[in-house]
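Structure file my_file_31.txt with compact mmCIF, C-alpha atoms and all ligand atoms:
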```
# COMPACT_ATOMS: atom_id res chain seq x y z
CA MET A 3 -10.94 -112.59 222.34
CA LEU A 4 -11.74 -110.35 225.26
CA MET A 5 -12.35 -106.79 224.03
CA SER A 6 -10.77 -104.41 226.50
CA PHE A 7 -10.26 -100.71 227.14
CA ARG A 8 -7.53 -98.94 229.06
CA TRP A 9 -8.77 -96.80 231.91
CA TYR A 10 -6.63 -94.59 234.15
CA GLY A 11 -8.67 -95.15 237.29
CA SER A 12 -10.30 -92.38 239.25
CA ILE A 13 -7.96 -89.79 237.64
CA ASP A 14 -9.35 -90.66 234.18
CA TYR A 15 -11.85 -88.13 232.84
CA ILE A 16 -13.63 -90.93 230.99
CA PRO A 17 -16.28 -92.54 233.19
CA LEU A 18 -16.61 -96.30 233.25
CA SER A 19 -20.27 -95.88 232.31
CA HIS A 20 -19.14 -94.50 228.92
CA ILE A 21 -16.69 -97.33 228.40
CA LYS A 22 -19.50 -99.79 229.11
CA GLN A 23 -21.53 -98.23 226.27
CA ILE A 24 -18.93 -99.15 223.63
CA PRO A 25 -20.46 -102.10 221.73
CA GLY A 26 -18.73 -105.35 222.57
CA MET A 27 -16.70 -103.90 225.45
CA ARG A 28 -16.16 -106.39 228.27
CA ASN A 29 -12.92 -105.85 230.13
CA VAL A 30 -11.04 -102.92 231.64
CA VAL A 31 -7.26 -102.63 231.63
CA SER A 32 -5.99 -100.53 234.48
CA ALA A 33 -3.40 -100.11 237.21
CA LEU A 34 -2.85 -98.56 240.62
CA TYR A 35 -1.34 -95.31 239.43
CA SER A 36 -0.66 -93.84 242.84
CA ILE A 37 1.69 -96.58 244.05
CA PRO A 38 5.36 -95.64 243.48
CA VAL A 39 7.27 -97.95 241.13
CA GLY A 40 8.76 -100.82 243.06
CA GLU A 41 6.35 -100.78 245.98
CA VAL A 42 3.79 -103.49 246.72
CA TRP A 43 0.24 -102.98 245.44
CA PRO A 44 -1.97 -103.53 248.49
CA TYR A 45 -4.69 -106.11 248.03
CA GLU A 46 -7.35 -103.76 249.45
CA ASP A 47 -6.54 -101.10 246.83
CA ILE A 48 -6.75 -103.64 244.01
CA VAL A 49 -10.12 -104.82 245.27
CA GLU A 50 -11.33 -101.22 245.43
CA ILE A 51 -10.64 -100.56 241.73
CA LYS A 52 -12.02 -103.98 240.82
CA LYS A 53 -15.22 -103.12 242.67
CA GLN A 54 -15.64 -99.88 240.73
CA ILE A 55 -15.11 -101.67 237.43
CA GLU A 56 -17.45 -104.53 238.23
CA GLU A 57 -20.15 -102.16 239.42
CA ALA A 58 -20.03 -100.64 235.94
CA GLY A 59 -20.74 -104.08 234.49
CA LEU A 60 -17.21 -104.74 233.25
CA LEU A 61 -14.46 -107.22 234.10
CA PHE A 62 -11.05 -106.42 235.57
CA LYS A 63 -8.80 -109.21 234.35
CA THR A 64 -5.86 -107.30 232.90
CA VAL A 65 -3.30 -104.96 234.42
CA GLU A 66 -1.19 -102.51 232.44
CA SER A 67 1.32 -102.05 233.80
CA VAL A 68 3.09 -103.22 236.90
CA ASN A 69 6.16 -101.15 236.15
CA VAL A 70 9.63 -102.56 236.68
CA HIS A 71 11.88 -100.58 239.00
CA GLU A 72 14.90 -99.01 237.32
CA ASP A 73 17.25 -100.85 239.72
CA ILE A 74 16.06 -104.15 238.21
CA LYS A 75 16.78 -102.94 234.67
CA LEU A 76 20.16 -101.67 235.82
CA GLY A 77 20.95 -104.89 237.68
CA LEU A 78 21.77 -103.10 240.93
CA PRO A 79 22.09 -105.11 244.17
CA THR A 80 18.88 -103.52 245.43
CA ARG A 81 16.93 -105.30 242.67
CA ASP A 82 16.18 -108.34 244.81
CA ARG A 83 14.02 -106.31 247.15
CA TYR A 84 12.05 -104.92 244.20
CA ILE A 85 11.64 -108.36 242.63
CA GLU A 86 10.32 -109.62 245.96
CA ASN A 87 7.81 -106.75 246.03
CA TYR A 88 6.84 -107.50 242.42
CA CYS A 89 6.03 -111.09 243.38
CA ILE A 90 3.84 -109.97 246.28
CA THR A 91 1.98 -107.62 243.90
CA LEU A 92 1.42 -110.51 241.47
CA LYS A 93 -0.01 -112.63 244.28
CA ASN A 94 -2.33 -109.82 245.37
CA LEU A 95 -3.50 -109.27 241.79
CA ALA A 96 -4.15 -112.98 241.28
CA LYS A 97 -6.13 -113.13 244.51
CA ALA A 98 -8.33 -110.35 243.10
CA GLY A 99 -8.91 -112.29 239.86
CA VAL A 100 -6.43 -110.58 237.52
CA ASN A 101 -4.78 -113.07 235.16
CA VAL A 102 -2.70 -110.99 232.72
CA VAL A 103 -0.04 -108.46 233.74
CA CYS A 104 1.63 -106.24 231.18
CA TYR A 105 5.04 -104.63 231.75
CA ASN A 106 7.87 -103.14 229.76
CA PHE A 107 11.63 -103.14 230.06
CA MET A 108 12.59 -99.80 228.52
CA PRO A 109 15.41 -97.95 230.30
CA VAL A 110 14.52 -94.53 231.75
CA PHE A 111 11.72 -93.61 229.37
CA ASP A 112 8.47 -95.26 228.46
CA TRP A 113 7.06 -94.52 224.98
CA ILE A 114 8.23 -91.32 223.36
CA ARG A 115 6.67 -88.95 220.85
CA THR A 116 8.02 -85.68 219.51
CA ASP A 117 4.61 -84.10 218.86
CA LEU A 118 1.47 -84.82 220.85
CA ALA A 119 -0.96 -83.14 218.48
CA LYS A 120 0.13 -83.34 214.87
CA VAL A 121 -2.73 -82.10 212.69
CA LEU A 122 -3.82 -84.72 210.15
CA PRO A 123 -5.48 -83.83 206.83
CA ASP A 124 -8.97 -84.44 208.23
CA GLY A 125 -8.39 -81.94 211.05
CA SER A 126 -7.97 -84.55 213.79
CA THR A 127 -4.75 -84.62 215.78
CA ALA A 128 -2.51 -87.54 216.57
CA MET A 129 0.81 -88.20 218.24
CA SER A 130 3.86 -88.40 216.02
CA TYR A 131 7.55 -89.15 216.16
CA ASP A 132 10.40 -87.73 214.15
CA GLU A 133 13.78 -89.33 214.70
CA LYS A 134 15.51 -86.26 213.25
CA ILE A 135 14.38 -84.22 216.26
CA ILE A 136 15.65 -86.80 218.75
CA ARG A 137 18.77 -87.99 216.97
CA ASP A 138 21.02 -85.02 217.49
CA LEU A 139 19.62 -84.09 220.83
CA ASP A 140 21.96 -84.44 223.77
CA PRO A 141 19.96 -85.90 226.66
CA TYR A 142 21.03 -83.00 228.85
CA VAL A 143 19.70 -80.54 226.28
CA LEU A 144 16.52 -82.60 226.25
CA VAL A 145 16.15 -82.28 230.00
CA ALA A 146 16.74 -78.53 229.75
CA LYS A 147 14.06 -78.30 227.04
CA MET A 148 11.64 -80.28 229.16
CA GLU A 149 12.37 -78.01 232.12
CA GLU A 150 11.52 -75.03 229.95
CA GLY A 151 8.29 -76.78 229.10
CA SER A 152 8.42 -75.17 225.69
CA ASN A 153 7.94 -78.14 223.40
CA GLY A 154 5.65 -81.05 222.75
CA PHE A 155 7.90 -83.82 223.98
CA GLU A 156 6.08 -86.52 225.83
CA MET A 157 8.05 -88.47 228.38
CA PRO A 158 5.32 -90.28 230.26
CA GLY A 159 5.87 -90.44 233.97
CA TRP A 160 8.43 -87.66 234.11
CA GLU A 161 7.13 -84.76 236.10
CA LYS A 162 9.43 -81.77 236.45
CA GLU A 163 10.32 -82.70 240.03
CA ARG A 164 11.98 -85.83 238.77
CA PHE A 165 14.16 -84.36 236.02
CA SER A 166 17.28 -84.50 238.16
CA GLU A 167 16.76 -88.24 238.38
CA ILE A 168 16.95 -88.53 234.59
CA LYS A 169 20.47 -87.13 234.71
CA ARG A 170 21.45 -89.62 237.40
CA LEU A 171 20.00 -92.53 235.41
CA PHE A 172 21.84 -91.57 232.24
CA GLU A 173 25.08 -91.84 234.24
CA LEU A 174 24.10 -95.28 235.56
CA TYR A 175 23.17 -96.58 232.10
CA LYS A 176 26.55 -95.65 230.62
CA ASP A 177 27.81 -99.18 231.30
CA ILE A 178 24.67 -101.04 230.24
CA ASP A 179 24.60 -102.36 226.70
CA GLU A 180 21.95 -104.59 225.07
CA GLU A 181 23.50 -107.81 226.38
CA LYS A 182 23.67 -106.56 229.94
CA LEU A 183 20.08 -105.33 229.72
CA PHE A 184 19.05 -108.72 228.40
CA ALA A 185 20.83 -110.45 231.27
CA ASN A 186 18.99 -108.19 233.71
CA LEU A 187 15.66 -109.06 232.06
CA LYS A 188 16.53 -112.76 232.38
CA TYR A 189 17.31 -112.28 236.07
CA PHE A 190 14.00 -110.50 236.56
CA LEU A 191 12.05 -113.24 234.76
CA GLU A 192 13.79 -115.96 236.75
CA GLY A 193 12.74 -114.08 239.86
CA ILE A 194 9.07 -113.57 239.04
CA ILE A 195 7.96 -116.38 236.70
CA PRO A 196 7.80 -119.09 239.40
CA THR A 197 5.40 -116.86 241.34
CA ALA A 198 3.40 -116.11 238.18
CA GLU A 199 3.08 -119.85 237.58
CA GLU A 200 2.10 -120.50 241.15
CA CYS A 201 -0.69 -117.93 241.14
CA GLY A 202 -1.80 -118.25 237.49
CA ILE A 203 -0.73 -114.91 236.06
CA LYS A 204 0.36 -114.59 232.45
CA MET A 205 3.16 -112.05 232.15
CA ALA A 206 3.12 -109.94 228.98
CA ILE A 207 6.12 -107.84 228.00
CA HIS A 208 5.28 -104.83 225.82
CA PRO A 209 7.57 -103.91 222.91
CA ASP A 210 9.69 -100.79 223.16
CA ASP A 211 8.18 -97.76 221.51
CA PRO A 212 9.71 -96.78 219.19
CA PRO A 213 11.54 -100.10 218.74
CA TRP A 214 15.08 -98.78 218.53
CA SER A 215 17.68 -97.21 220.78
CA ILE A 216 17.17 -93.57 221.76
CA PHE A 217 19.67 -91.21 223.39
CA GLY A 218 22.17 -94.04 223.37
CA LEU A 219 20.06 -96.03 225.84
CA PRO A 220 19.78 -99.73 225.05
CA ARG A 221 16.44 -101.14 223.89
CA ILE A 222 15.90 -104.86 223.40
CA VAL A 223 12.16 -105.56 222.95
CA ILE A 224 12.32 -104.48 219.34
CA SER A 225 12.17 -107.33 216.82
CA ARG A 226 10.89 -110.84 216.23
CA GLU A 227 14.31 -112.32 216.96
CA ASN A 228 14.54 -110.55 220.30
CA LEU A 229 10.96 -111.39 221.25
CA GLU A 230 11.69 -115.02 220.56
CA ARG A 231 14.82 -114.88 222.69
CA ILE A 232 12.81 -113.34 225.53
CA VAL A 233 10.00 -115.92 225.52
CA LYS A 234 12.56 -118.73 225.41
CA VAL A 235 15.02 -117.46 228.01
CA VAL A 236 12.70 -118.65 230.76
CA ALA A 237 10.59 -121.49 229.40
CA SER A 238 7.15 -121.15 230.95
CA PRO A 239 3.58 -120.77 229.75
CA CYS A 240 3.48 -117.65 231.94
CA ASN A 241 6.32 -115.90 230.09
CA GLY A 242 4.76 -114.18 227.08
CA LEU A 243 4.09 -111.00 225.15
CA ALA A 244 1.84 -107.98 225.01
CA LEU A 245 2.15 -107.75 221.27
CA CYS A 246 1.58 -104.17 220.16
CA SER A 247 1.20 -103.55 216.43
CA GLY A 248 1.79 -99.82 216.57
CA SER A 249 4.97 -100.05 218.63
CA LEU A 250 6.72 -102.84 216.73
CA GLY A 251 5.23 -101.73 213.44
CA SER A 252 6.91 -98.33 213.42
CA ASN A 253 10.00 -100.14 212.18
CA ALA A 254 8.99 -101.26 208.68
CA ARG A 255 11.43 -104.19 208.92
CA ASN A 256 9.07 -105.77 211.45
CA ASP A 257 6.50 -107.74 209.43
CA ILE A 258 3.63 -107.27 211.85
CA VAL A 259 1.16 -109.81 210.48
CA GLU A 260 3.86 -112.43 210.35
CA ILE A 261 5.00 -111.62 213.92
CA PHE A 262 1.42 -111.87 215.24
CA ARG A 263 0.89 -115.17 213.47
CA TYR A 264 4.21 -116.59 214.63
CA PHE A 265 3.76 -115.85 218.32
CA ALA A 266 0.03 -116.59 218.35
CA LYS A 267 0.83 -120.08 217.06
CA MET A 268 3.36 -120.48 219.87
CA GLY A 269 0.68 -119.44 222.38
CA LYS A 270 2.92 -116.59 223.46
CA ILE A 271 0.54 -113.69 222.94
CA HIS A 272 -0.99 -112.94 226.33
CA PHE A 273 -2.31 -109.50 225.43
CA ALA A 274 -2.84 -107.79 222.07
CA HIS A 275 -2.66 -104.06 221.36
CA VAL A 276 -3.95 -103.45 217.88
CA ARG A 277 -3.66 -100.02 216.28
CA ASN A 278 -2.47 -98.41 213.08
CA ILE A 279 0.29 -95.97 212.22
CA LYS A 280 1.62 -94.30 209.11
CA ILE A 281 5.34 -94.52 208.45
CA GLU A 282 6.37 -91.44 206.45
CA GLU A 283 10.02 -92.44 206.13
CA PRO A 284 12.31 -94.58 208.28
CA GLY A 285 12.22 -93.11 211.80
CA VAL A 286 9.31 -90.78 211.06
CA PHE A 287 5.76 -91.88 211.76
CA HIS A 288 2.44 -90.71 213.13
CA GLU A 289 -0.51 -92.47 214.67
CA THR A 290 -3.73 -92.80 212.67
CA ALA A 291 -7.28 -94.08 213.00
CA HIS A 292 -7.43 -97.85 213.44
CA LYS A 293 -9.12 -98.10 210.07
CA SER A 294 -6.96 -96.07 207.74
CA ASP A 295 -6.77 -97.00 204.14
CA ASP A 296 -3.47 -95.23 203.60
CA SER A 297 -1.77 -96.43 206.79
CA SER A 298 1.12 -98.81 207.09
CA LEU A 299 -0.32 -101.79 208.98
CA ASP A 300 -2.73 -104.49 207.86
CA MET A 301 -5.40 -104.59 210.58
CA PHE A 302 -7.34 -107.37 208.84
CA GLY A 303 -4.19 -109.47 208.59
CA ILE A 304 -3.46 -109.03 212.30
CA MET A 305 -7.01 -109.95 213.36
CA LYS A 306 -7.04 -112.92 211.01
CA ALA A 307 -3.74 -114.18 212.46
CA LEU A 308 -5.23 -113.97 215.97
CA HIS A 309 -8.46 -115.63 214.89
CA GLU A 310 -6.77 -118.48 213.04
CA THR A 311 -4.84 -119.42 216.13
CA GLY A 312 -7.90 -119.29 218.39
CA TYR A 313 -6.72 -116.28 220.37
CA ASP A 314 -8.94 -115.86 223.43
CA GLY A 315 -6.93 -113.35 225.48
CA PRO A 316 -7.49 -109.64 226.04
CA ILE A 317 -7.19 -107.27 223.12
CA ARG A 318 -7.52 -103.52 223.14
CA PRO A 319 -7.53 -100.64 220.72
CA ASP A 320 -4.41 -98.63 221.40
CA HIS A 321 -3.74 -94.90 221.09
CA GLY A 322 -6.43 -92.96 219.30
CA ARG A 323 -6.47 -89.58 217.60
CA MET A 324 -8.25 -86.61 219.13
CA ILE A 325 -11.48 -86.09 217.20
CA TRP A 326 -14.79 -84.25 217.54
CA GLY A 327 -13.21 -81.60 219.75
CA GLU A 328 -12.38 -83.98 222.57
CA GLN A 329 -9.79 -82.66 225.02
CA GLY A 330 -7.93 -85.20 227.07
CA ARG A 331 -4.89 -87.32 227.60
CA PRO A 332 -3.06 -87.56 224.24
CA GLY A 333 -3.65 -90.97 222.69
CA TYR A 334 -6.20 -91.89 225.35
CA GLY A 335 -9.38 -90.08 224.45
CA LEU A 336 -12.71 -91.90 224.37
CA TYR A 337 -14.03 -91.33 220.86
CA ASP A 338 -11.34 -92.59 218.53
CA ARG A 339 -10.44 -95.54 220.74
CA ALA A 340 -14.14 -96.47 220.87
CA LEU A 341 -14.22 -96.37 217.06
CA GLY A 342 -11.07 -98.50 217.07
CA ALA A 343 -12.64 -101.09 219.37
CA VAL A 344 -15.74 -101.36 217.21
CA TYR A 345 -13.68 -101.61 214.04
CA LEU A 346 -11.60 -104.45 215.52
CA SER A 347 -14.77 -106.20 216.73
CA GLY A 348 -16.27 -105.80 213.25
CA LEU A 349 -13.25 -107.38 211.62
CA TRP A 350 -13.36 -110.22 214.14
CA ASP A 351 -17.09 -110.84 213.63
CA ALA A 352 -16.66 -110.94 209.87
CA ILE A 353 -13.70 -113.33 210.07
CA GLU A 354 -15.58 -115.54 212.54
CA ARG A 355 -18.73 -115.61 210.42
CA TYR A 356 -16.82 -116.26 207.23
CA SER A 357 -14.85 -119.14 208.76
CA GLN A 358 -18.07 -120.69 210.16
CA GLU A 359 -19.76 -120.53 206.78
CA GLY A 360 -16.67 -122.05 205.20
CA LYS A 361 -16.87 -124.97 207.66
CA ASN A 362 -20.58 -125.50 206.96
CA LYS A 363 -20.15 -125.74 203.20
MN MN A 401 0.80 -100.67 223.01
```
This entry written out as structure tokens:
Amino acid sequence: MLMSFRWYGSIDYIPLSHIKQIPGMRNVVSALYSIPVGEVWPYEDIVEIKKQIEEAGLLFKTVESVNVHEDIKLGLPTRDRYIENYCITLKNLAKAGVNVVCYNFMPVFDWIRTDLAKVLPDGSTAMSYDEKIIRDLDPYVLVAKMEEGSNGFEMPGWEKERFSEIKRLFELYKDIDEEKLFANLKYFLEGIIPTAEECGIKMAIHPDDPPWSIFGLPRIVISRENLERIVKVVASPCNGLALCSGSLGSNARNDIVEIFRYFAKMGKIHFAHVRNIKIEEPGVFHETAHKSDDSSLDMFGIMKALHETGYDGPIRPDHGRMIWGEQGRPGYGLYDRALGAVYLSGLWDAIERYSQEGKNK
């Protein structure tokens, strides 16, 4: 496995030199954050970020994410132009040595939390989600609340200037159900996978977070059945998953260890996000340390499933808590994610060593 760390480029307050000091850290996961969704990522800009990363002694093999333009998810006639741009971006990334590209297919919103700094018993803070807060909320009331700026809602990528666009998108999605969204994903994959094959990029779709419909918007990357349908709809070694334990695992019906084992065996895991969460009740969960004895997910089981199937792709700790007084981007501080990386590496080393000794007996 290739231990990796997400870095937000030059806008990230965490220097690459600190990331390099995390034991076992080899690869940086990043993106060109200043390019508007749908536009081509210029080769020169990709090379520039790669240069920074390599000068810090790290690799740049993994991109998260090349976001998918809303017109593609909506199936609008303008989608062909955006798919064309997406293919050019893939070619530019491949030319710069990137070989895994993560993306998601969530309508309107990326991941959502209802509290960015829930205080845990040990005094650390973590992001949490409570379906009860979202469930009865009219999207228009939500937008008004966000405009007020008076609550802890996190809608990544939605600056105030763009709130009017949310209203427009909700109108457009009125006619899009799960099947239509799936058909639009299929169209997208048929458009980009031949290019991915040609230039040697493994595409990795990230599960929806949380993995269920919100505000009446369809969500499809939510369960083992749906993941299987997605990897089979366009049969190609380049059509795979960014399997994320914390996202899929917030629905207790998703047996995470089993899902990791199943898709690892199929060779469909192109990128692994491994983190823990604690489900308090259905629809209510918070993020935790990666090693958490009272959490809901079996980290050892996940790592063992990856090891057993010879997983050699990128893996990263995912959201961390805020600890030791660190102030920063919720979920993306340095300290707890560094602890997470080392914990995952420790599990991996132990599994590796144990399996070697077993073979030598
Ligand atoms: Mn994730």
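Of the residues under consideration (A:Pro284, A:Lys306, A:Val65, A:Arg231), A:Val65 shows the shortest atom-to-atom contact distance to A:Ile203 when counting only C-alpha atoms.
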Write out as a tab-separated table a residue-level contact list of chain A versus ligand MN 401 (chain A) with cut-off 7 Å: for each qualifying residue the closest pair of atoms and the distance in Å to one decimal, counting all atoms listed in the file, rows sorted by chain and residue number upward.
```
residue	atom	partner	partner_atom	distance
A:His208	CA	A:MN401	MN	6.7
A:Cys246	CA	A:MN401	MN	4.6
A:Gly248	CA	A:MN401	MN	6.6
A:Ser249	CA	A:MN401	MN	6.1
A:His275	CA	A:MN401	MN	5.1
A:Asp320	CA	A:MN401	MN	5.8
```
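Atom pair atom CA of A:Tyr45 / atom CA of A:Leu4: separated by 24.2 Å.
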Within 10 Å of A:Tyr345 using only C-alpha atoms, minus same-chain residues under 5 positions, as a short mmCIF file (atom, residue, chain, number, x, y, z; two decimals) with C-alpha atoms, keeping the file's coordinate frame:
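The result, written out as result-v4.cif:
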```
data_model
loop_
_atom_site.label_atom_id
_atom_site.label_comp_id
_atom_site.auth_asym_id
_atom_site.auth_seq_id
_atom_site.Cartn_x
_atom_site.Cartn_y
_atom_site.Cartn_z
CA ALA A 291 -7.28 -94.08 213.00
CA HIS A 292 -7.43 -97.85 213.44
CA LYS A 293 -9.12 -98.10 210.07
CA MET A 301 -5.40 -104.59 210.58
CA PRO A 319 -7.53 -100.64 220.72
CA ARG A 339 -10.44 -95.54 220.74
CA ALA A 340 -14.14 -96.47 220.87
CA TRP A 350 -13.36 -110.22 214.14
CA ASP A 351 -17.09 -110.84 213.63
#
```
- Spatial sel., origin (-9.5, -110.2, 237.6), limit 7 Å, all atoms listed in the file, listed as an MDAnalysis selection string: chainID A and resid 61:64 98:101
Can you write just those residues out, C-alpha atoms, as an mmCIF file, in the coordinates of the input?
```
data_model
loop_
_atom_site.group_PDB
_atom_site.id
_atom_site.type_symbol
_atom_site.label_atom_id
_atom_site.label_comp_id
_atom_site.auth_asym_id
_atom_site.auth_seq_id
_atom_site.Cartn_x
_atom_site.Cartn_y
_atom_site.Cartn_z
ATOM 1 C CA LEU A 61 -14.460 -107.220 234.100
ATOM 2 C CA PHE A 62 -11.050 -106.420 235.570
ATOM 3 C CA LYS A 63 -8.800 -109.210 234.350
ATOM 4 C CA THR A 64 -5.860 -107.300 232.900
ATOM 5 C CA ALA A 98 -8.330 -110.350 243.100
ATOM 6 C CA GLY A 99 -8.910 -112.290 239.860
ATOM 7 C CA VAL A 100 -6.430 -110.580 237.520
ATOM 8 C CA ASN A 101 -4.780 -113.070 235.160
#
```
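Distance check against A:Ser166 using all atoms listed in the file: of A:Arg323, A:Leu34, A:Leu299, A:Ala146, the minimum falls on A:Ala146.
Only residues having an atom at most 12 Å from (12.2, -118.5, 231.0) are included; using all atoms listed in the file, these are Ala185, Leu187, Lys188, Tyr189, Phe190, Leu191, Glu192, Gly193, Ile194, Ile195, Pro196, Ala198, Glu199, Met205, Glu230, Arg231, Ile232, Val233, Lys234, Val235, Val236, Ala237, Ser238, Pro239, Cys240, Asn241 and Gly242 of chain A.
In this comparison, which uses all atoms listed in the file, the residue of A:Glu359, A:Arg28, A:Thr80, A:Phe107 approaching A:Asp210 most closely is A:Phe107.
Of the listed residues (A:Tyr175, A:Leu346, A:Tyr334, A:Ile216), A:Tyr334 comes nearest to A:Ile16; the distances count only C-alpha atoms.
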- For atom CA of A:Leu183 and atom CA of A:Gly40, determine how far apart the two atoms are, in Å to one decimal place. 18.1 Å
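When all atoms listed in the file are used to measure the gap to A:Trp43, the shortest distance among A:Lys267, A:Arg331, A:His71, A:Lys93 belongs to A:Lys93.
Nearest residue to A:Pro38, choosing from A:Met268, A:Val344, A:Ala128, A:Val70 and counting all atoms listed in the file: A:Val70.
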- Excluding A:Pro44 and any residue of its chain fewer than 2 positions from it, enumerate the residues within 8 Å of it, using all atoms listed in the file, and give them as a PyMOL selection string. chain A and resi 42+46-48+91+94
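Take atom CA of A:Glu57 and atom CA of A:Val102: the distance between them is 20.7 Å.
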